[in-house]
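Student: Attaching a single structure in C-alpha cells format; questions to follow.
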Amino acid sequence: MTIENITKYIESWAPKGIAWERDNVGLQVGSSQQKIKNILLCLDVNENVVEDAVKKKCNLIISHHPLIFYPIKKITAGEKTSDIINKLIKNDIAVYSSHTNLDFTKDGVSFQLAKKLGLNSIRFLKNISENLSKLVVFVPVGFTEKVAEAIHNSGGGIIGEYTNCSFRLIGKGTFRGSDKSNPSIGEKGKLEFVDEVRLEILVNNFYLPNVITAMKSAHPYEEVAYDVYPLKNENVNYGMGAFGELSEELSTKDFLNYVSKKLGIKNFRYTNGKNKKIKAVAVCGGSGSDLLGTAIYNNADAFITADIKYHTFQDAEKKILLIDAGHYETEIFILDEIERRLEELIKNSGIEIYKYKGTTNPISFFNN
C-alpha cells in the first residue's frame, strides 16, 4: 500500500477542494508512491513527533495542522521548520496534512467535538455556499445511463446522504454536420432530428474538470452540447462548525462542569448568555469566533470554540453562553476518527497506526 492509496482515501472524505483557499493541505514532504510501513497521527508536527515516528518505524505522519503553511525561502540548520524537514528527509518519513478540508467536511473536526459532547441530531452550523454547479448535458436516448454513470463515478450527483442524483427530461435535438464532420448518429450534411435526454446533475466545483472530461469520454457525439450553471445554493455536503442538542437541559453551572469533564479540561474562559438552561449547543473546533452571529441566529444556548478575543466575549454577553475551550482541546478528537477510518482501509495489511501520545499543545496554564 502506498501513500497515494491513503491520501486518496482521506480526500474522498475531506476533499482538498473544500479547504480554505489560503490553506496548504496535502502531501508536504515525501513521495506519493512511497510504500507505507506504519502511520503516526498527530495534530502538529514537531521534533518530538518525528522522533516518535522514527522509534515506531512510521514512514508516514498524518497531521491536522500543516507543517509547511507559509512559503519557505530557505532550509538551513538551526531553524525550527528546517530542522524538522531535514530530519524527515534523512529518515525517509513523509508528512501529509489535512487541515481546513477536515474542518469543513461531515464527520470532520467540529462533528467529532459535537459527538464528544454527546450532542444529538448533529448538522453543520453553517453550510458552505457558491461552490456548486449544475451540469446539463444533452444525450441521445440509449446512451443516458452510460454518460450518467461516468459523471457519478467522477463525483457528480452527491446530495447529502444520496448519490447518483440526477434529473432527466426527454426532448428533440437537431444538428447538421459539415463535410468534415463524423456524426455517430445520422449523416453529414443532413439535418438530423434526434430524441435526446436533458441530463442535469449537481457537481462540486472542485470535481467539475474531471466530471466534464469523463462525461465527454462517455458521450457518443463528436461535439458534445452541455451547459455549466454556477449556483449560489448552500452545499449540504460541506460546511463550518456543528450544531446539535443535549439529551436533556442542563443549568449553566452543570453544563460548564459537563464540558470540563467531557473534554478533559480544567481551565477555560467563558461569558454568560441569556438562558439559564442549556439544550441547543453550537461548536466549532479551533478558531470559530466568526460563527458567533450564526450560533446566535440559530438560537443556540451555548457556543464552544477557541481563540476568542476580549471584544467577542463582550458581543456574546447576555446573548449566548460563549466558551473558549482551547484550540488544541477542541480539535484533538479528530485523530480518533482518522484512526477509525484508516483501520478499515489497512485491515490485514500489516501496517500499524499510532496516535502520538504526547502533547503538541504549545499552551500551558500556570497555577500558583
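Every chain in the C-alpha cells has a letter given in the order shown (A, B, ...), and although residue numbers restart at 1 in each chain, ligands are simply numbered from 1 in the order shown.
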Write out as a PyMOL selection string which residues come within 12 Å of region 344-349 of chain A when counting only C-alpha atoms, dropping same-chain ones fewer than 2 positions away.

Tutor: chain A and resi 1-3+5-10+35-39+337-342+351-353

Student: Could you list, as number ranges by chain, every residue within 8 Å of Leu202 (chain A), counting only C-alpha atoms and ignoring same-chain residues fewer than 4 positions away?

Tutor: A: 132-135, 156-159, 165-166

Student: For the selection just defined, write its residues with N, CA and C atoms to a file, as a tab-separated table (two decimals), in the first residue's frame.

Tutor:
chain	number	residue	atom	x	y	z
A	132	LEU	N	-20.93	25.09	-5.83
A	132	LEU	CA	-21.65	24.08	-6.59
A	132	LEU	C	-21.96	24.58	-8.00
A	133	SER	N	-22.05	23.66	-8.93
A	133	SER	CA	-22.50	23.98	-10.29
A	133	SER	C	-23.49	22.91	-10.73
A	134	LYS	N	-24.37	23.30	-11.66
A	134	LYS	CA	-25.26	22.32	-12.27
A	134	LYS	C	-24.73	22.04	-13.67
A	135	LEU	N	-24.44	20.77	-13.94
A	135	LEU	CA	-24.00	20.36	-15.26
A	135	LEU	C	-25.22	19.83	-16.02
A	156	GLY	N	-19.98	13.45	-9.40
A	156	GLY	CA	-21.19	14.25	-9.60
A	156	GLY	C	-22.41	13.60	-8.99
A	157	GLY	N	-23.41	14.43	-8.65
A	157	GLY	CA	-24.69	13.91	-8.19
A	157	GLY	C	-24.74	13.45	-6.76
A	158	ILE	N	-23.93	14.08	-5.88
A	158	ILE	CA	-23.97	13.74	-4.46
A	158	ILE	C	-24.69	14.86	-3.72
A	159	ILE	N	-25.79	14.51	-3.07
A	159	ILE	CA	-26.56	15.48	-2.27
A	159	ILE	C	-26.80	14.87	-0.90
A	165	CYS	N	-27.67	11.25	-7.94
A	165	CYS	CA	-28.81	12.15	-8.10
A	165	CYS	C	-28.77	12.82	-9.47
A	166	SER	N	-29.91	12.85	-10.15
A	166	SER	CA	-29.98	13.50	-11.46
A	166	SER	C	-31.42	13.85	-11.78

Student: Would you mind listing what lies within 7 Å of region 126-129 of chain A as a tab-separated table (two decimals) with N, CA and C atoms, in the first residue's frame, with only C-alpha atoms counted and same-chain residues fewer than 4 positions away left out?

Tutor:
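What landed in around-v7.tsv:
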chain	number	residue	atom	x	y	z
A	232	LYS	N	-25.63	29.41	-6.35
A	232	LYS	CA	-25.41	30.05	-5.06
A	232	LYS	C	-26.01	29.22	-3.93
A	233	ASN	N	-26.48	28.04	-4.25
A	233	ASN	CA	-27.09	27.16	-3.25
A	233	ASN	C	-26.12	26.85	-2.12
A	234	GLU	N	-26.67	26.62	-0.92
A	234	GLU	CA	-25.86	26.07	0.15
A	234	GLU	C	-25.52	24.62	-0.18
A	235	ASN	N	-24.30	24.24	0.10
A	235	ASN	CA	-23.85	22.88	-0.17
A	235	ASN	C	-24.12	22.02	1.06
A	236	VAL	N	-25.07	21.08	0.95
A	236	VAL	CA	-25.43	20.27	2.12
A	236	VAL	C	-24.32	19.30	2.51
A	238	TYR	N	-20.98	20.04	2.74
A	238	TYR	CA	-19.84	20.65	3.42
A	238	TYR	C	-20.26	21.92	4.14
A	239	GLY	N	-19.59	22.22	5.24
A	239	GLY	CA	-19.93	23.41	6.00
A	239	GLY	C	-18.95	23.68	7.12
A	240	MET	N	-19.30	24.66	7.97
A	240	MET	CA	-18.45	25.08	9.07
A	240	MET	C	-19.16	24.88	10.40
A	241	GLY	N	-18.42	24.44	11.40
A	241	GLY	CA	-19.00	24.24	12.71
A	241	GLY	C	-20.01	23.11	12.73

Student: Using only C-alpha atoms, which residue out of A:Lys74, A:His64, A:Lys266, A:Lys56 lies closest to Ile334 (chain A)?

Tutor: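 Of all the options, A:His64 lies closest to Ile334 (chain A).
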
Student: Got a sec to tell me which of region 170-239 of chain A DSSP assigns to strand (DSSP E or B), as a PyMOL selection string?

Tutor: chain A and resi 170-176+191-204+226-231+234-239

Student: Taking only region 7-177 of chain A into account, list the residues labelled helix (DSSP H, G or I) by DSSP (computed from the backbone), as a PyMOL selection string.

Tutor: chain A and resi 7-13+16-18+47-55+80-90+100-103+109-116+144-153

Student: Could you save those same residues with C-alpha atoms as a PDB file, in the first residue's frame?

Tutor:
ATOM      1  CA  THR A   7      -4.304  10.173   0.685  1.00  0.00           C
ATOM      2  CA  LYS A   8      -6.946   9.356  -1.940  1.00  0.00           C
ATOM      3  CA  TYR A   9      -8.954   7.582   0.754  1.00  0.00           C
ATOM      4  CA  ILE A  10      -8.765  10.578   3.097  1.00  0.00           C
ATOM      5  CA  GLU A  11      -9.599  13.007   0.286  1.00  0.00           C
ATOM      6  CA  SER A  12     -12.697  11.010  -0.660  1.00  0.00           C
ATOM      7  CA  TRP A  13     -13.910  12.063   2.804  1.00  0.00           C
ATOM      8  CA  LYS A  16      -8.692  19.229  -0.827  1.00  0.00           C
ATOM      9  CA  GLY A  17     -11.007  21.356  -2.956  1.00  0.00           C
ATOM     10  CA  ILE A  18     -13.099  22.434   0.047  1.00  0.00           C
ATOM     11  CA  GLU A  47      10.671  17.331  16.631  1.00  0.00           C
ATOM     12  CA  ASN A  48       9.210  15.065  19.325  1.00  0.00           C
ATOM     13  CA  VAL A  49       6.612  13.746  16.872  1.00  0.00           C
ATOM     14  CA  VAL A  50       9.302  12.973  14.301  1.00  0.00           C
ATOM     15  CA  GLU A  51      11.402  11.179  16.929  1.00  0.00           C
ATOM     16  CA  ASP A  52       8.363   9.124  17.882  1.00  0.00           C
ATOM     17  CA  ALA A  53       7.791   8.257  14.222  1.00  0.00           C
ATOM     18  CA  VAL A  54      11.386   7.048  13.914  1.00  0.00           C
ATOM     19  CA  LYS A  55      11.042   4.977  17.099  1.00  0.00           C
ATOM     20  CA  LYS A  80      12.771  25.075  13.602  1.00  0.00           C
ATOM     21  CA  THR A  81      10.879  24.019  10.463  1.00  0.00           C
ATOM     22  CA  SER A  82      14.104  23.445   8.522  1.00  0.00           C
ATOM     23  CA  ASP A  83      15.445  21.089  11.193  1.00  0.00           C
ATOM     24  CA  ILE A  84      12.203  19.103  11.166  1.00  0.00           C
ATOM     25  CA  ILE A  85      12.199  18.819   7.371  1.00  0.00           C
ATOM     26  CA  ASN A  86      15.848  17.737   7.329  1.00  0.00           C
ATOM     27  CA  LYS A  87      15.137  15.046   9.911  1.00  0.00           C
ATOM     28  CA  LEU A  88      12.094  13.830   7.970  1.00  0.00           C
ATOM     29  CA  ILE A  89      14.090  13.539   4.743  1.00  0.00           C
ATOM     30  CA  LYS A  90      17.026  11.799   6.413  1.00  0.00           C
ATOM     31  CA  THR A 100      -9.432  23.119   6.770  1.00  0.00           C
ATOM     32  CA  ASN A 101     -10.765  20.466   4.390  1.00  0.00           C
ATOM     33  CA  LEU A 102     -11.090  18.283   7.510  1.00  0.00           C
ATOM     34  CA  ASP A 103     -12.749  21.209   9.307  1.00  0.00           C
ATOM     35  CA  VAL A 109     -13.278  18.273  13.339  1.00  0.00           C
ATOM     36  CA  SER A 110     -16.418  20.045  14.565  1.00  0.00           C
ATOM     37  CA  PHE A 111     -18.612  16.953  14.220  1.00  0.00           C
ATOM     38  CA  GLN A 112     -16.173  14.989  16.395  1.00  0.00           C
ATOM     39  CA  LEU A 113     -16.251  17.746  19.019  1.00  0.00           C
ATOM     40  CA  ALA A 114     -20.060  17.645  18.954  1.00  0.00           C
ATOM     41  CA  LYS A 115     -20.042  13.858  19.325  1.00  0.00           C
ATOM     42  CA  LYS A 116     -17.601  14.079  22.241  1.00  0.00           C
ATOM     43  CA  THR A 144     -28.083   8.201 -20.999  1.00  0.00           C
ATOM     44  CA  GLU A 145     -27.056   5.611 -18.437  1.00  0.00           C
ATOM     45  CA  LYS A 146     -23.506   5.359 -19.776  1.00  0.00           C
ATOM     46  CA  VAL A 147     -22.997   9.132 -19.579  1.00  0.00           C
ATOM     47  CA  ALA A 148     -24.730   9.445 -16.197  1.00  0.00           C
ATOM     48  CA  GLU A 149     -22.602   6.652 -14.752  1.00  0.00           C
ATOM     49  CA  ALA A 150     -19.408   8.376 -15.925  1.00  0.00           C
ATOM     50  CA  ILE A 151     -20.500  11.617 -14.226  1.00  0.00           C
ATOM     51  CA  HIS A 152     -21.492   9.882 -10.997  1.00  0.00           C
ATOM     52  CA  ASN A 153     -18.269   7.869 -10.851  1.00  0.00           C
TER      53      ASN A 153
END

Student: Within 7 Å of Leu41 (chain A), counting only C-alpha atoms, which residues qualify if same-chain residues fewer than 3 places away don't, as a list in words?

Tutor: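 Final neighbour list, sorted by chain and number: Ile61, Ile62, Ser63, Leu335, Tyr354, Lys355 and Tyr356 of chain A.
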
Student: Write the residues you've just listed into a file as a compact mmCIF listing (two decimals), in the first residue's frame, and include C-alpha atoms for each of them.

Tutor:
# COMPACT_ATOMS: atom_id res chain seq x y z
CA ILE A 61 2.92 11.17 9.54
CA ILE A 62 -0.62 12.43 9.10
CA SER A 63 -1.18 15.77 10.81
CA LEU A 335 -7.47 11.84 15.41
CA TYR A 354 -0.30 5.04 16.16
CA LYS A 355 -1.58 8.24 17.73
CA TYR A 356 1.09 10.49 19.22

Student: Counting only C-alpha atoms, what is within 7 Å of Asp301 (chain A), bar same-chain residues fewer than 5 positions away, as a list in words?

Tutor: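 My reading of the contact set: Asn275, Ile278, Lys279, Ala280, Val281, Ile320 and Leu321 of chain A.
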
Student: For N, CA, C and O atoms, I'd like the residues from the last selection saved as a short mmCIF file (atom, residue, chain, number, x, y, z; two decimals), in the first residue's frame.

Tutor:
data_model
loop_
_atom_site.label_atom_id
_atom_site.label_comp_id
_atom_site.auth_asym_id
_atom_site.auth_seq_id
_atom_site.Cartn_x
_atom_site.Cartn_y
_atom_site.Cartn_z
N ASN A 275 -29.75 32.56 28.60
CA ASN A 275 -30.55 31.44 29.08
C ASN A 275 -29.88 30.74 30.26
O ASN A 275 -28.68 30.48 30.25
N ILE A 278 -29.34 25.10 29.35
CA ILE A 278 -28.60 24.84 28.11
C ILE A 278 -29.11 23.55 27.48
O ILE A 278 -29.09 22.50 28.10
N LYS A 279 -29.54 23.64 26.23
CA LYS A 279 -30.00 22.46 25.49
C LYS A 279 -29.41 22.44 24.08
O LYS A 279 -28.78 21.49 23.67
N ALA A 280 -29.62 23.53 23.32
CA ALA A 280 -29.09 23.64 21.96
C ALA A 280 -27.66 24.17 22.01
O ALA A 280 -27.41 25.22 22.61
N VAL A 281 -26.74 23.44 21.40
CA VAL A 281 -25.31 23.78 21.51
C VAL A 281 -24.67 23.84 20.13
O VAL A 281 -24.82 22.94 19.31
N ILE A 320 -25.53 34.64 24.53
CA ILE A 320 -25.24 33.22 24.39
C ILE A 320 -24.09 32.86 25.32
O ILE A 320 -23.17 33.68 25.52
N LEU A 321 -24.15 31.69 25.91
CA LEU A 321 -23.03 31.21 26.73
C LEU A 321 -21.87 30.89 25.79
O LEU A 321 -21.95 29.96 25.00
#

Student: Quick check, in Å to one decimal: how far apart do CA of Glu21 (chain A) and CA of Gly288 (chain A) lie?

Tutor: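 Atom-to-atom, CA of Glu21 (chain A) to CA of Gly288 (chain A), that is 16.9 Å.
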
Student: Which residue, A:Asn367, A:Asn131, A:Ser184, A:Thr330, has the smallest gap to Val224 (chain A) when you use only C-alpha atoms?

Tutor: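 Selected residue with least distance to Val224 (chain A): A:Ser184.
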
Student: Taking 4 positions as the minimum chain separation for residues in the same chain, which residues sit within 8 Å of Gly30 (chain A) when counting only C-alpha atoms? Answer as a PyMOL selection string.

Tutor: chain A and resi 34+89+92-95

Student: Could you pull the residues within 12 Å of Asp290 (chain A), counting only C-alpha atoms, minus those fewer than 5 positions along the same chain, as a PyMOL selection string?

Tutor: chain A and resi 125-126+240-241+283-284+295-296+303+305-309+312+315-316

Student: Please dump the current selection as a CSV table (one decimal), in the first residue's frame; keep N, CA and C atoms.

Tutor:
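The file below, part27.csv, is the result:
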chain,number,residue,atom,x,y,z
A,125,LEU,N,-23.3,23.9,11.3
A,125,LEU,CA,-23.8,25.2,11.9
A,125,LEU,C,-24.0,26.2,10.7
A,126,LYS,N,-23.2,26.1,9.7
A,126,LYS,CA,-23.3,27.0,8.5
A,126,LYS,C,-22.8,26.2,7.3
A,240,MET,N,-19.3,24.7,8.0
A,240,MET,CA,-18.4,25.1,9.1
A,240,MET,C,-19.2,24.9,10.4
A,241,GLY,N,-18.4,24.4,11.4
A,241,GLY,CA,-19.0,24.2,12.7
A,241,GLY,C,-20.0,23.1,12.7
A,283,VAL,N,-20.9,24.3,18.1
A,283,VAL,CA,-19.5,24.2,18.3
A,283,VAL,C,-18.7,24.4,17.1
A,284,CYS,N,-17.5,24.8,17.2
A,284,CYS,CA,-16.5,24.9,16.1
A,284,CYS,C,-15.1,24.6,16.6
A,295,ALA,N,-24.4,31.2,15.4
A,295,ALA,CA,-24.8,30.5,16.5
A,295,ALA,C,-26.0,31.1,17.2
A,296,ILE,N,-25.9,32.5,17.4
A,296,ILE,CA,-27.0,33.2,18.0
A,296,ILE,C,-28.2,33.2,17.1
A,303,PHE,N,-22.2,28.3,22.8
A,303,PHE,CA,-21.3,28.1,21.6
A,303,PHE,C,-19.9,27.9,22.2
A,305,THR,N,-15.9,27.1,21.2
A,305,THR,CA,-14.9,27.2,20.1
A,305,THR,C,-13.6,27.6,20.8
A,306,ALA,N,-12.7,28.3,20.1
A,306,ALA,CA,-11.4,28.6,20.7
A,306,ALA,C,-10.9,29.9,20.1
A,307,ASP,N,-9.8,30.4,20.7
A,307,ASP,CA,-9.1,31.6,20.2
A,307,ASP,C,-10.0,32.9,20.2
A,308,ILE,N,-10.8,33.0,21.2
A,308,ILE,CA,-11.8,34.1,21.3
A,308,ILE,C,-11.2,35.4,21.8
A,309,LYS,N,-11.4,36.5,21.2
A,309,LYS,CA,-10.9,37.8,21.6
A,309,LYS,C,-11.8,38.4,22.7
A,312,THR,N,-15.1,39.9,21.5
A,312,THR,CA,-16.0,38.9,21.1
A,312,THR,C,-16.8,38.4,22.3
A,315,ASP,N,-19.4,40.9,22.9
A,315,ASP,CA,-20.5,40.8,21.9
A,315,ASP,C,-21.5,39.7,22.3
A,316,ALA,N,-21.0,38.6,23.0
A,316,ALA,CA,-21.8,37.5,23.3
A,316,ALA,C,-22.5,37.6,24.6

Student: Could you jot down the CA of Phe193 (chain A) to CA of Arg168 (chain A) separation for me, Å, one decimal place?

Tutor: 18.7 Å

Student: From the options A:Gly171, A:Val136, A:Phe143, A:Asp179, which residue's atoms come nearest to Pro230 (chain A), counting only C-alpha atoms?

Tutor: A:Val136

Student: With only C-alpha atoms as the atoms that count, which of A:Leu250, A:Ile72, A:Leu117, A:Ile170 lies nearest to Gln28 (chain A)?

Tutor: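 Checking each candidate against Gln28 (chain A), we get A:Ile72 as the closest.
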
Student: With distances taken over only C-alpha atoms, which residue among A:Val139, A:Val197, A:Leu191, A:Ile332 lies nearest Lys357 (chain A)?

Tutor: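 Under the stated criterion, the closest residue is A:Ile332.
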
Student: As an exercise, work out the distance from CA of Gly155 (chain A) to CA of Arg123 (chain A) in Å and give it to one decimal place.

Tutor: 22.0 Å

Student: Calculated over only C-alpha atoms, which of the candidates A:Ser217, A:Gly285, A:Leu208, A:Thr105 has the smallest distance to Trp20 (chain A)?

Tutor: A:Thr105
